[in-house]
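K.L.:
For reference, this is entry-v1.pdb, and it has PDB, C-alpha atoms.
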ATOM      1  CA  MET A 161      37.359  -1.224  30.723  1.00  0.00           C
ATOM      2  CA  PRO A 162      34.083  -2.762  31.940  1.00  0.00           C
ATOM      3  CA  TYR A 163      32.425  -1.512  35.061  1.00  0.00           C
ATOM      4  CA  GLN A 164      33.433  -3.409  38.188  1.00  0.00           C
ATOM      5  CA  LYS A 165      30.668  -3.797  40.749  1.00  0.00           C
ATOM      6  CA  THR A 166      31.577  -2.562  44.175  1.00  0.00           C
ATOM      7  CA  ALA A 167      30.726  -4.387  47.389  1.00  0.00           C
ATOM      8  CA  LYS A 168      27.922  -1.879  47.861  1.00  0.00           C
ATOM      9  CA  ASP A 169      26.508  -2.713  44.386  1.00  0.00           C
ATOM     10  CA  LYS A 170      26.708  -6.440  45.100  1.00  0.00           C
ATOM     11  CA  ALA A 171      24.978  -5.979  48.457  1.00  0.00           C
ATOM     12  CA  TRP A 172      22.201  -3.971  46.800  1.00  0.00           C
ATOM     13  CA  ASP A 173      21.782  -6.651  44.100  1.00  0.00           C
ATOM     14  CA  LYS A 174      21.490  -9.314  46.793  1.00  0.00           C
ATOM     15  CA  GLU A 175      18.905  -7.240  48.690  1.00  0.00           C
ATOM     16  CA  ARG A 176      16.957  -6.606  45.478  1.00  0.00           C
ATOM     17  CA  GLN A 177      16.867 -10.363  44.739  1.00  0.00           C
ATOM     18  CA  LYS A 178      15.666 -11.027  48.285  1.00  0.00           C
ATOM     19  CA  LEU A 179      12.893  -8.433  47.949  1.00  0.00           C
ATOM     20  CA  LYS A 180      11.817  -9.769  44.529  1.00  0.00           C
ATOM     21  CA  SER A 181      11.588 -13.260  45.991  1.00  0.00           C
ATOM     22  CA  GLU A 182       9.518 -11.979  48.904  1.00  0.00           C
ATOM     23  CA  ILE A 183       7.203 -10.097  46.528  1.00  0.00           C
ATOM     24  CA  ASN A 184       6.707 -13.217  44.407  1.00  0.00           C
ATOM     25  CA  GLY A 185       5.910 -15.285  47.494  1.00  0.00           C
ATOM     26  CA  LEU A 186       3.399 -12.739  48.744  1.00  0.00           C
ATOM     27  CA  THR A 187       1.794 -12.527  45.296  1.00  0.00           C
ATOM     28  CA  VAL A 188       1.272 -16.294  45.299  1.00  0.00           C
ATOM     29  CA  LYS A 189      -0.176 -16.192  48.825  1.00  0.00           C
ATOM     30  CA  CYS A 190      -2.506 -13.368  47.782  1.00  0.00           C
ATOM     31  CA  GLY A 191      -3.778 -15.429  44.844  1.00  0.00           C
ATOM     32  CA  GLN A 192      -4.374 -18.390  47.142  1.00  0.00           C
ATOM     33  CA  LYS A 193      -6.275 -16.213  49.610  1.00  0.00           C
ATOM     34  CA  GLU A 194      -8.418 -14.774  46.804  1.00  0.00           C
ATOM     35  CA  HIS A 195      -9.258 -18.301  45.669  1.00  0.00           C
ATOM     36  CA  THR A 196     -10.187 -19.275  49.236  1.00  0.00           C
ATOM     37  CA  ILE A 197     -12.383 -16.184  49.541  1.00  0.00           C
ATOM     38  CA  GLN A 198     -14.162 -17.013  46.279  1.00  0.00           C
ATOM     39  CA  CYS A 199     -14.814 -20.579  47.442  1.00  0.00           C
ATOM     40  CA  GLN A 200     -16.114 -19.383  50.798  1.00  0.00           C
ATOM     41  CA  THR A 201     -18.277 -16.753  49.110  1.00  0.00           C
ATOM     42  CA  GLY A 202     -19.841 -19.516  47.025  1.00  0.00           C
ATOM     43  CA  GLU A 203     -20.434 -21.632  50.101  1.00  0.00           C
ATOM     44  CA  ILE A 204     -21.985 -18.652  51.903  1.00  0.00           C
ATOM     45  CA  ALA A 205     -24.363 -18.117  48.983  1.00  0.00           C
ATOM     46  CA  ILE A 206     -25.367 -21.780  49.105  1.00  0.00           C
ATOM     47  CA  LEU A 207     -25.960 -21.607  52.847  1.00  0.00           C
ATOM     48  CA  LYS A 208     -28.014 -18.415  52.491  1.00  0.00           C
ATOM     49  CA  ASN A 209     -30.126 -20.178  49.879  1.00  0.00           C
ATOM     50  CA  LYS A 210     -30.628 -23.139  52.218  1.00  0.00           C
ATOM     51  CA  ILE A 211     -31.663 -20.776  55.021  1.00  0.00           C
ATOM     52  CA  GLU A 212     -34.201 -19.102  52.734  1.00  0.00           C
ATOM     53  CA  LYS A 213     -35.612 -22.488  51.719  1.00  0.00           C
ATOM     54  CA  LEU A 214     -35.873 -23.576  55.354  1.00  0.00           C
ATOM     55  CA  GLU A 215     -37.589 -20.321  56.332  1.00  0.00           C
ATOM     56  CA  GLN A 216     -39.992 -20.789  53.453  1.00  0.00           C
ATOM     57  CA  ALA A 217     -40.658 -24.386  54.535  1.00  0.00           C
ATOM     58  CA  ILE A 218     -41.318 -23.249  58.112  1.00  0.00           C
ATOM     59  CA  SER A 219     -43.706 -20.624  56.784  1.00  0.00           C
ATOM     60  CA  TYR A 220     -45.582 -23.200  54.698  1.00  0.00           C
ATOM     61  CA  LEU A 221     -45.814 -25.542  57.673  1.00  0.00           C
ATOM     62  CA  THR A 222     -46.955 -22.766  59.991  1.00  0.00           C
ATOM     63  CA  GLU A 223     -49.617 -21.575  57.558  1.00  0.00           C
ATOM     64  CA  GLY A 224     -50.750 -25.130  56.793  1.00  0.00           C
ATOM     65  CA  LYS A 225     -50.013 -24.816  53.065  1.00  0.00           C
ATOM     66  CA  ALA A 226     -48.137 -28.119  52.902  1.00  0.00           C
ATOM     67  CA  THR A 227     -47.658 -31.310  54.851  1.00  0.00           C
ATOM     68  CA  PRO A 228     -44.346 -32.112  56.528  1.00  0.00           C
ATOM     69  CA  GLU A 229     -43.766 -34.926  54.027  1.00  0.00           C
ATOM     70  CA  GLU A 230     -44.186 -32.553  51.082  1.00  0.00           C
ATOM     71  CA  ILE A 231     -41.801 -30.082  52.674  1.00  0.00           C
ATOM     72  CA  LEU A 232     -39.190 -32.779  53.306  1.00  0.00           C
ATOM     73  CA  LYS A 233     -39.384 -33.955  49.698  1.00  0.00           C
ATOM     74  CA  LYS A 234     -38.972 -30.397  48.466  1.00  0.00           C
ATOM     75  CA  LEU A 235     -36.033 -29.749  50.820  1.00  0.00           C
ATOM     76  CA  ASP A 236     -34.326 -32.975  49.734  1.00  0.00           C
ATOM     77  CA  LYS A 237     -34.711 -32.024  46.080  1.00  0.00           C
ATOM     78  CA  ASN A 238     -33.378 -28.508  46.749  1.00  0.00           C
ATOM     79  CA  ALA A 239     -30.410 -29.926  48.680  1.00  0.00           C
ATOM     80  CA  GLU A 240     -29.659 -32.269  45.801  1.00  0.00           C
ATOM     81  CA  LEU A 241     -29.765 -29.398  43.317  1.00  0.00           C
ATOM     82  CA  ALA A 242     -27.593 -27.221  45.578  1.00  0.00           C
ATOM     83  CA  ASP A 243     -24.999 -29.992  45.794  1.00  0.00           C
ATOM     84  CA  MET A 244     -24.918 -30.248  42.009  1.00  0.00           C
ATOM     85  CA  MET A 245     -24.501 -26.494  41.662  1.00  0.00           C
ATOM     86  CA  GLN A 246     -21.714 -26.468  44.238  1.00  0.00           C
ATOM     87  CA  PHE A 247     -19.918 -29.269  42.368  1.00  0.00           C
ATOM     88  CA  LEU A 248     -20.232 -27.375  39.089  1.00  0.00           C
ATOM     89  CA  ALA A 249     -19.080 -24.105  40.653  1.00  0.00           C
ATOM     90  CA  ARG A 250     -15.991 -25.775  42.128  1.00  0.00           C
ATOM     91  CA  GLY A 251     -15.227 -27.369  38.770  1.00  0.00           C
ATOM     92  CA  ILE A 252     -15.452 -24.018  37.010  1.00  0.00           C
ATOM     93  CA  GLN A 253     -13.288 -22.324  39.637  1.00  0.00           C
ATOM     94  CA  GLY A 254     -10.733 -25.113  39.289  1.00  0.00           C
ATOM     95  CA  MET A 255     -10.589 -24.529  35.551  1.00  0.00           C
ATOM     96  CA  LEU A 256      -9.979 -20.803  36.091  1.00  0.00           C
ATOM     97  CA  TYR A 257      -6.935 -21.392  38.301  1.00  0.00           C
TER
END
Please, can you express the file's structure as structure tokens?
P.N.:
Amino acid sequence: MPYQKTAKDKAWDKERQKLKSEINGLTVKCGQKEHTIQCQTGEIAILKNKIEKLEQAISYLTEGKATPEEILKKLDKNAELADMMQFLARGIQGMLY
């Protein structure tokens, strides 16, 4: 004679299913948050780099090592390169997930 599940067993099975579903949902949310953190970390690195470049440009201008036009050209080129790197980084991250 096969085992007959009691009402208590059925209630526990239902609760277990509910908890498994909740765990799966939280796991997905955790993965999404990790992805968001990685993207923001990349953006922070880019912004830190821009700040360093601007500080360097201010230093060059203050010390008279370069003209404002030269600095602007250099900053534009750096911004262009940073945009390319950001695009590539996002593409790589998209391939990972």
K.L.:
Pick out the closest residue to Lys208 (chain A) from this set: A:Ala171, A:Leu179, A:Val188, A:Ala242. Count all atoms listed in the file.
P.N.:
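Nearest to Lys208 (chain A): A:Ala242.
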K.L.:
Looking at all atoms listed in the file, which of A:Ala217, A:Pro162, A:Asn209, A:Lys189 is the one that sits closest to Glu229 (chain A)?
P.N.:
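Under the stated criterion, the closest residue is A:Ala217.
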K.L.:
Could you jot down the CA of Phe247 (chain A) to CA of Ile204 (chain A) separation for me, Å, one decimal place?
P.N.:
14.4 Å
K.L.:
Quick one: distance from CA of Ile197 (chain A) to CA of Gly251 (chain A) in Å, one decimal?
P.N.:
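CA of Ile197 (chain A) sits 15.8 Å away from CA of Gly251 (chain A).
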K.L.:
List as a PyMOL selection string the protein and nucleic acid residues near Lys210 (chain A), meaning an atom at most 10 Å away when all atoms listed in the file are counted, but skip any in the same chain fewer than 3 places from it.
P.N.:
chain A and resi 204-207+213-216+235+238-239+242
K.L.:
Report, as lines of an AutoDock Vina configuration file, the centre and edge lengths in Å (one decimal) of the axis-aligned box enclosing every listed atom of region 167-171 of chain A, padded by 3 Å on each side.
P.N.:
center_x = 27.9
center_y = -4.2
center_z = 46.4
size_x = 11.7
size_y = 10.6
size_z = 10.1
K.L.:
Quick one: pull the distance between CA of Leu232 (chain A) and CA of Ser219 (chain A), Å, one decimal.
P.N.:
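If I compute the distance from CA of Leu232 (chain A) to CA of Ser219 (chain A), I get 13.4 Å.
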K.L.:
Between A:Thr222, A:Gln246, A:Gln177, A:Asn184, which is the closest to Gln200 (chain A) once you count only C-alpha atoms?
P.N.:
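Of the candidates, the smallest distance to Gln200 (chain A) is held by A:Gln246.
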K.L.:
Using all atoms listed in the file, can you tell me which of A:Gly224, A:Ile218, A:Lys233, A:Thr201 comes closest to Ala249 (chain A)?
P.N.:
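Closest to Ala249 (chain A), using all atoms listed in the file: A:Thr201.
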